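**Student:** Just run_15.txt, nothing more (compact mmCIF, C-alpha atoms):
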# COMPACT_ATOMS: atom_id res chain seq x y z
CA MET A 1 -50.27 39.93 -7.16
CA PRO A 2 -52.38 39.03 -4.08
CA PRO A 3 -55.91 37.64 -4.64
CA GLU A 4 -57.51 40.71 -3.07
CA GLN A 5 -55.80 42.94 -5.65
CA ILE A 6 -57.01 40.74 -8.49
CA THR A 7 -60.53 40.98 -7.06
CA ALA A 8 -60.21 44.77 -6.97
CA LEU A 9 -59.00 44.80 -10.59
CA LEU A 10 -61.98 42.71 -11.68
CA ALA A 11 -64.36 45.09 -9.92
CA ALA A 12 -62.69 48.01 -11.73
CA ALA A 13 -62.95 46.16 -15.05
CA ASP A 14 -66.67 45.61 -14.46
CA ARG A 15 -67.12 49.40 -14.29
CA LEU A 16 -65.69 49.96 -17.77
CA HIS A 17 -67.95 51.14 -20.60
CA PRO A 18 -69.41 49.97 -22.86
CA PRO A 19 -70.44 46.54 -21.51
CA LEU A 20 -68.40 44.68 -24.17
CA ARG A 21 -65.22 46.34 -22.95
CA ALA A 22 -66.02 45.46 -19.34
CA LEU A 23 -66.78 41.86 -20.27
CA THR A 24 -63.59 41.47 -22.32
CA TRP A 25 -61.31 42.92 -19.66
CA HIS A 26 -62.90 40.90 -16.86
CA THR A 27 -62.44 37.66 -18.81
CA LEU A 28 -58.94 38.59 -19.97
CA ILE A 29 -57.72 39.24 -16.42
CA CYS A 30 -59.28 36.02 -15.16
CA LEU A 31 -57.68 33.93 -17.92
CA LEU A 32 -54.25 35.44 -17.31
CA ALA A 33 -54.59 34.81 -13.58
CA VAL A 34 -55.59 31.13 -13.85
CA THR A 35 -53.26 30.07 -16.69
CA GLY A 36 -50.14 32.22 -16.33
CA MET A 37 -50.20 32.80 -20.09
CA ARG A 38 -48.37 35.75 -21.59
CA THR A 39 -50.54 38.74 -22.52
CA SER A 40 -49.49 38.43 -26.17
CA GLU A 41 -50.52 34.75 -26.17
CA VAL A 42 -54.00 35.51 -24.86
CA CYS A 43 -54.45 38.31 -27.38
CA ARG A 44 -53.47 35.95 -30.22
CA LEU A 45 -56.00 33.28 -29.26
CA ASP A 46 -58.50 32.46 -32.01
CA ARG A 47 -61.77 30.61 -31.57
CA ASP A 48 -60.23 27.57 -33.25
CA ASP A 49 -57.57 27.52 -30.53
CA LEU A 50 -60.18 26.80 -27.86
CA ASP A 51 -61.18 23.19 -27.36
CA LEU A 52 -63.77 23.83 -24.68
CA HIS A 53 -65.01 20.25 -24.77
CA GLU A 54 -61.60 18.83 -23.84
CA GLY A 55 -60.59 21.88 -21.79
CA VAL A 56 -57.43 22.68 -23.76
CA LEU A 57 -56.17 25.96 -25.22
CA THR A 58 -53.64 25.90 -28.05
CA VAL A 59 -51.00 28.63 -27.89
CA ARG A 60 -49.49 29.23 -31.32
CA ASP A 61 -46.23 30.98 -32.23
CA SER A 62 -45.30 31.70 -28.64
CA LYS A 63 -42.26 33.68 -27.52
CA TYR A 64 -39.86 31.09 -28.91
CA GLY A 65 -41.91 30.32 -32.02
CA LYS A 66 -43.32 27.11 -30.56
CA HIS A 67 -46.85 25.82 -30.12
CA ARG A 68 -48.07 24.34 -26.84
CA GLN A 69 -51.32 23.16 -25.31
CA VAL A 70 -52.59 24.59 -22.03
CA PRO A 71 -55.08 22.42 -20.10
CA VAL A 72 -57.61 24.47 -18.12
CA HIS A 73 -60.08 23.78 -15.33
CA PRO A 74 -63.75 23.14 -16.22
CA SER A 75 -64.67 26.41 -14.51
CA THR A 76 -62.42 28.21 -17.01
CA THR A 77 -64.06 26.54 -20.02
CA THR A 78 -67.47 27.49 -18.60
CA ALA A 79 -66.33 31.11 -18.22
CA LEU A 80 -64.97 31.20 -21.77
CA ARG A 81 -68.20 29.77 -23.17
CA GLY A 82 -70.13 32.45 -21.30
CA TYR A 83 -67.79 35.17 -22.57
CA LEU A 84 -68.09 34.11 -26.20
CA ARG A 85 -71.86 33.84 -25.99
CA GLU A 86 -72.25 37.30 -24.41
CA ARG A 87 -69.55 38.78 -26.63
CA ASP A 88 -71.41 37.66 -29.75
CA ARG A 89 -74.65 39.09 -28.39
CA LEU A 90 -73.03 42.47 -27.76
CA ALA A 91 -70.74 42.70 -30.79
CA GLY A 92 -72.64 40.75 -33.42
CA VAL A 93 -70.77 39.20 -36.33
CA THR A 94 -67.11 40.24 -36.54
CA ALA A 95 -64.53 39.59 -39.24
CA THR A 96 -61.75 38.65 -36.85
CA PRO A 97 -61.32 35.07 -35.59
CA ALA A 98 -59.89 36.48 -32.34
CA VAL A 99 -61.35 35.47 -29.00
CA PHE A 100 -60.73 38.82 -27.30
CA ILE A 101 -61.92 41.85 -29.24
CA THR A 102 -62.17 45.61 -28.95
CA THR A 103 -65.42 47.55 -29.09
CA ARG A 104 -64.68 48.03 -32.82
CA GLY A 105 -64.75 44.28 -33.34
CA THR A 106 -61.00 43.95 -33.92
CA ARG A 107 -58.41 41.84 -32.14
CA LEU A 108 -56.98 43.26 -28.91
CA ASP A 109 -53.45 44.59 -29.46
CA HIS A 110 -51.16 43.48 -26.64
CA HIS A 111 -48.99 46.56 -27.25
CA ASN A 112 -51.89 48.87 -26.36
CA ILE A 113 -53.54 47.16 -23.41
CA PRO A 114 -50.96 48.18 -20.74
CA ARG A 115 -52.43 51.68 -20.90
CA VAL A 116 -55.91 50.42 -20.01
CA PHE A 117 -54.49 48.15 -17.32
CA ALA A 118 -52.71 51.12 -15.72
CA ARG A 119 -56.07 52.91 -15.49
CA LEU A 120 -57.62 49.84 -13.88
CA VAL A 121 -54.84 49.77 -11.29
CA THR A 122 -55.62 53.39 -10.45
CA ALA A 123 -59.37 52.77 -10.34
CA ALA A 124 -58.83 49.74 -8.09
CA GLU A 125 -56.74 51.92 -5.75
CA ILE A 126 -53.90 49.39 -5.72
CA PRO A 127 -50.92 51.04 -4.02
CA THR A 128 -47.38 50.99 -5.33
CA PRO A 129 -44.92 50.12 -2.55
CA ALA A 130 -42.01 52.52 -2.09
CA GLY A 131 -39.18 51.71 -4.44
CA ARG A 132 -41.30 49.32 -6.52
CA ARG A 133 -42.89 49.69 -9.93
CA ARG A 134 -46.64 49.76 -10.47
CA PRO A 135 -48.44 46.43 -11.03
CA ARG A 136 -48.36 45.14 -14.61
CA LEU A 137 -50.38 42.53 -16.45
CA HIS A 138 -47.27 40.34 -16.47
CA ASP A 139 -47.53 40.18 -12.66
CA LEU A 140 -50.50 37.84 -13.10
CA ARG A 141 -48.18 35.34 -14.81
CA HIS A 142 -45.67 35.70 -11.98
CA SER A 143 -48.42 35.21 -9.38
CA PHE A 144 -49.65 32.04 -11.09
CA ALA A 145 -46.15 30.51 -11.13
CA VAL A 146 -45.43 31.45 -7.52
CA ALA A 147 -48.79 30.15 -6.28
CA THR A 148 -48.21 26.83 -8.08
CA LEU A 149 -44.76 26.42 -6.56
CA LEU A 150 -46.01 27.37 -3.10
CA ASP A 151 -48.78 24.77 -3.31
CA TRP A 152 -46.27 22.10 -4.30
CA TYR A 153 -43.95 22.92 -1.42
CA ARG A 154 -46.78 23.00 1.11
CA ASP A 155 -48.13 19.67 -0.19
CA GLY A 156 -44.70 18.06 0.13
CA ALA A 157 -44.39 17.45 -3.62
CA ASP A 158 -41.07 16.77 -5.34
CA VAL A 159 -40.71 20.29 -6.71
CA GLN A 160 -37.47 19.44 -8.53
CA ALA A 161 -39.30 16.74 -10.49
CA GLN A 162 -42.39 18.87 -11.09
CA LEU A 163 -40.61 22.03 -12.21
CA PRO A 164 -40.13 20.94 -15.86
CA LEU A 165 -43.92 20.46 -16.05
CA LEU A 166 -44.50 24.03 -14.91
CA SER A 167 -41.84 25.26 -17.34
CA THR A 168 -43.62 23.51 -20.21
CA TYR A 169 -47.01 24.83 -19.12
CA LEU A 170 -45.67 28.39 -19.00
CA GLY A 171 -43.84 28.05 -22.31
CA HIS A 172 -40.35 28.53 -20.88
CA SER A 173 -37.61 27.19 -23.14
CA ASP A 174 -35.47 26.26 -20.14
CA PRO A 175 -36.47 25.34 -16.55
CA LYS A 176 -33.83 27.84 -15.41
CA ALA A 177 -36.26 30.58 -16.38
CA THR A 178 -38.82 29.08 -13.99
CA TYR A 179 -36.25 28.86 -11.19
CA TRP A 180 -36.16 32.68 -11.26
CA TYR A 181 -39.55 32.72 -9.53
CA LEU A 182 -37.99 30.79 -6.66
CA SER A 183 -35.13 33.21 -6.12
CA ALA A 184 -37.33 36.28 -6.60
CA THR A 185 -39.86 35.32 -3.92
CA PRO A 186 -38.77 35.31 -0.25
CA GLU A 187 -41.48 32.86 0.84
CA LEU A 188 -40.51 30.38 -1.85
CA LEU A 189 -36.84 30.76 -1.02
CA ALA A 190 -37.56 30.10 2.66
CA LEU A 191 -39.58 26.97 1.84
CA ALA A 192 -36.83 25.69 -0.43
CA ALA A 193 -34.19 26.34 2.24
CA ASN A 194 -36.33 24.56 4.83
CA ARG A 195 -36.71 21.57 2.49
CA LEU A 196 -32.93 21.41 2.06
CA GLU A 197 -32.35 21.66 5.80
CA VAL A 198 -34.67 18.72 6.46
CA ALA A 199 -33.08 16.72 3.62
CA PHE A 200 -29.65 17.14 5.20
CA GLY A 201 -30.79 16.09 8.67
CA GLY A 202 -31.72 19.43 10.18
CA GLN A 203 -34.97 20.36 11.87
CA PRO A 204 -37.58 22.59 10.20
If you convert what's in this file into structure tokens, what do you get?

**Tutor:**
Amino acid sequence: MPPEQITALLAAADRLHPPLRALTWHTLICLLAVTGMRTSEVCRLDRDDLDLHEGVLTVRDSKYGKHRQVPVHPSTTTALRGYLRERDRLAGVTATPAVFITTRGTRLDHHNIPRVFARLVTAAEIPTPAGRRRPRLHDLRHSFAVATLLDWYRDGADVQAQLPLLSTYLGHSDPKATYWYLSATPELLALAANRLEVAFGGQP
């Protein structure tokens, strides 16, 4: 998902009512975009899973039943602190330990949020290319992985050596799952082919 579409989604989220809903959706989209976490993982986050001093999120019982730690940038910890502070002001005391809550003070259900996201896509006037499906929340995870790989290629990094790190960060059980992003993205495939050509004595 291109940055300009994410910006449009955030603007649409800011127009939601009441303010707590707008705040939650804005922060949710941002966190998905900058961490590549699964939607279900973000919805399951509890306050105790956030170490905002060290800048680490703990993801529990992920897709394969494993726990992992996700380091985040200081700007992300600042945004999460701001969200929790404003969330508590708007919602008051809630019984749930969840980070992301509904206007009723309950945990967000990852099975229900695609419906709201579809409305945000419409409100943001994001087009659906012919023959393609509409944007989904999962596309933010895909965009994070692709952007990371593109940065590595452009910086001349040893992508083969770095890929297991990205796989671990994303919670993939096998790096082969991360390789899918390479084959599914023409720009990444072209960069990889160019790297191979140079390695075997060709010219870029």

**Student:** Between atom CA of Arg60 of chain A and atom CA of Ser143 of chain A, what is the distance, to one decimal in Å?

**Tutor:**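 Taking atom CA of Arg60 of chain A and atom CA of Ser143 of chain A, their separation equals 22.8 Å.
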
**Student:** Mind pulling up the distance from atom CA of Glu41 of chain A to atom CA of Leu80 of chain A?

**Tutor:**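 Interatomic distance here is 15.5 Å.
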
**Student:** Provide the atom CA of Val93 of chain A to atom CA of Leu57 of chain A distance in Å, to one decimal place.

**Tutor:**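 We find that atom CA of Val93 of chain A and atom CA of Leu57 of chain A lie 22.6 Å from each other.
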
**Student:** Can you tell me, as an mmCIF file with C-alpha atoms, keeping the file's coordinate frame, what residues are no more than 10 Å from Thr7 of chain A when counting only C-alpha atoms, ignoring any on the same chain fewer than 6 positions away?

**Tutor:**
data_model
loop_
_atom_site.group_PDB
_atom_site.id
_atom_site.type_symbol
_atom_site.label_atom_id
_atom_site.label_comp_id
_atom_site.auth_asym_id
_atom_site.auth_seq_id
_atom_site.Cartn_x
_atom_site.Cartn_y
_atom_site.Cartn_z
ATOM 1 C CA ALA A 13 -62.950 46.160 -15.050
ATOM 2 C CA ILE A 29 -57.720 39.240 -16.420
ATOM 3 C CA CYS A 30 -59.280 36.020 -15.160
ATOM 4 C CA ALA A 124 -58.830 49.740 -8.090
#

**Student:** List the residues sitting within 12 Å of (-53.4, 32.8, -11.3) in the file's frame, using all atoms listed in the file, as a ChimeraX atom specification.

**Tutor:** /A:1-3,5-7,28-38,72-73,76,137-149,170

**Student:** Considering all atoms listed in the file, can you say which of A:Asp158, A:Leu163, A:Arg136, A:Ala79 comes closest to Val116 of chain A?

**Tutor:**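 Distance minimum relative to Val116 of chain A lands on A:Arg136.
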
**Student:** Find, counting only C-alpha atoms, the residue in A:His172, A:Pro127, A:Ser167, A:Leu20 that gets nearest to Gly92 of chain A.

**Tutor:**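 Nearest to Gly92 of chain A: A:Leu20.
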
**Student:** Which protein, DNA or RNA residues have an atom at most 10 Å from (-55.5, 34.2, -28.2), counting all atoms listed in the file? List them as a short mmCIF file (atom, residue, chain, number, x, y, z; two decimals) with C-alpha atoms, keeping the file's coordinate frame.

**Tutor:**
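Written file, part21.cif:
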data_model
loop_
_atom_site.label_atom_id
_atom_site.label_comp_id
_atom_site.auth_asym_id
_atom_site.auth_seq_id
_atom_site.Cartn_x
_atom_site.Cartn_y
_atom_site.Cartn_z
CA LEU A 28 -58.94 38.59 -19.97
CA MET A 37 -50.20 32.80 -20.09
CA ARG A 38 -48.37 35.75 -21.59
CA THR A 39 -50.54 38.74 -22.52
CA SER A 40 -49.49 38.43 -26.17
CA GLU A 41 -50.52 34.75 -26.17
CA VAL A 42 -54.00 35.51 -24.86
CA CYS A 43 -54.45 38.31 -27.38
CA ARG A 44 -53.47 35.95 -30.22
CA LEU A 45 -56.00 33.28 -29.26
CA ASP A 46 -58.50 32.46 -32.01
CA ARG A 47 -61.77 30.61 -31.57
CA ASP A 48 -60.23 27.57 -33.25
CA ASP A 49 -57.57 27.52 -30.53
CA LEU A 50 -60.18 26.80 -27.86
CA LEU A 57 -56.17 25.96 -25.22
CA THR A 58 -53.64 25.90 -28.05
CA VAL A 59 -51.00 28.63 -27.89
CA ARG A 60 -49.49 29.23 -31.32
CA PRO A 97 -61.32 35.07 -35.59
CA ALA A 98 -59.89 36.48 -32.34
CA VAL A 99 -61.35 35.47 -29.00
CA PHE A 100 -60.73 38.82 -27.30
CA ARG A 107 -58.41 41.84 -32.14
CA LEU A 108 -56.98 43.26 -28.91
#

**Student:** Which residues are near Ala91 of chain A? Cut-off 10 Å, all atoms listed in the file, ignore same chain within fewer than 5 positions. Put them as number ranges by chain.

**Tutor:** A: 20, 86, 101-105

**Student:** As lines of an AutoDock Vina configuration file, please: the centre and edge lengths in Å, to one decimal, of an axis-aligned box enclosing every listed atom of segment 15-22 of chain A with 3 Å added on each side.

**Tutor:**
center_x = -67.8
center_y = 47.9
center_z = -19.2
size_x = 11.2
size_y = 12.5
size_z = 15.9
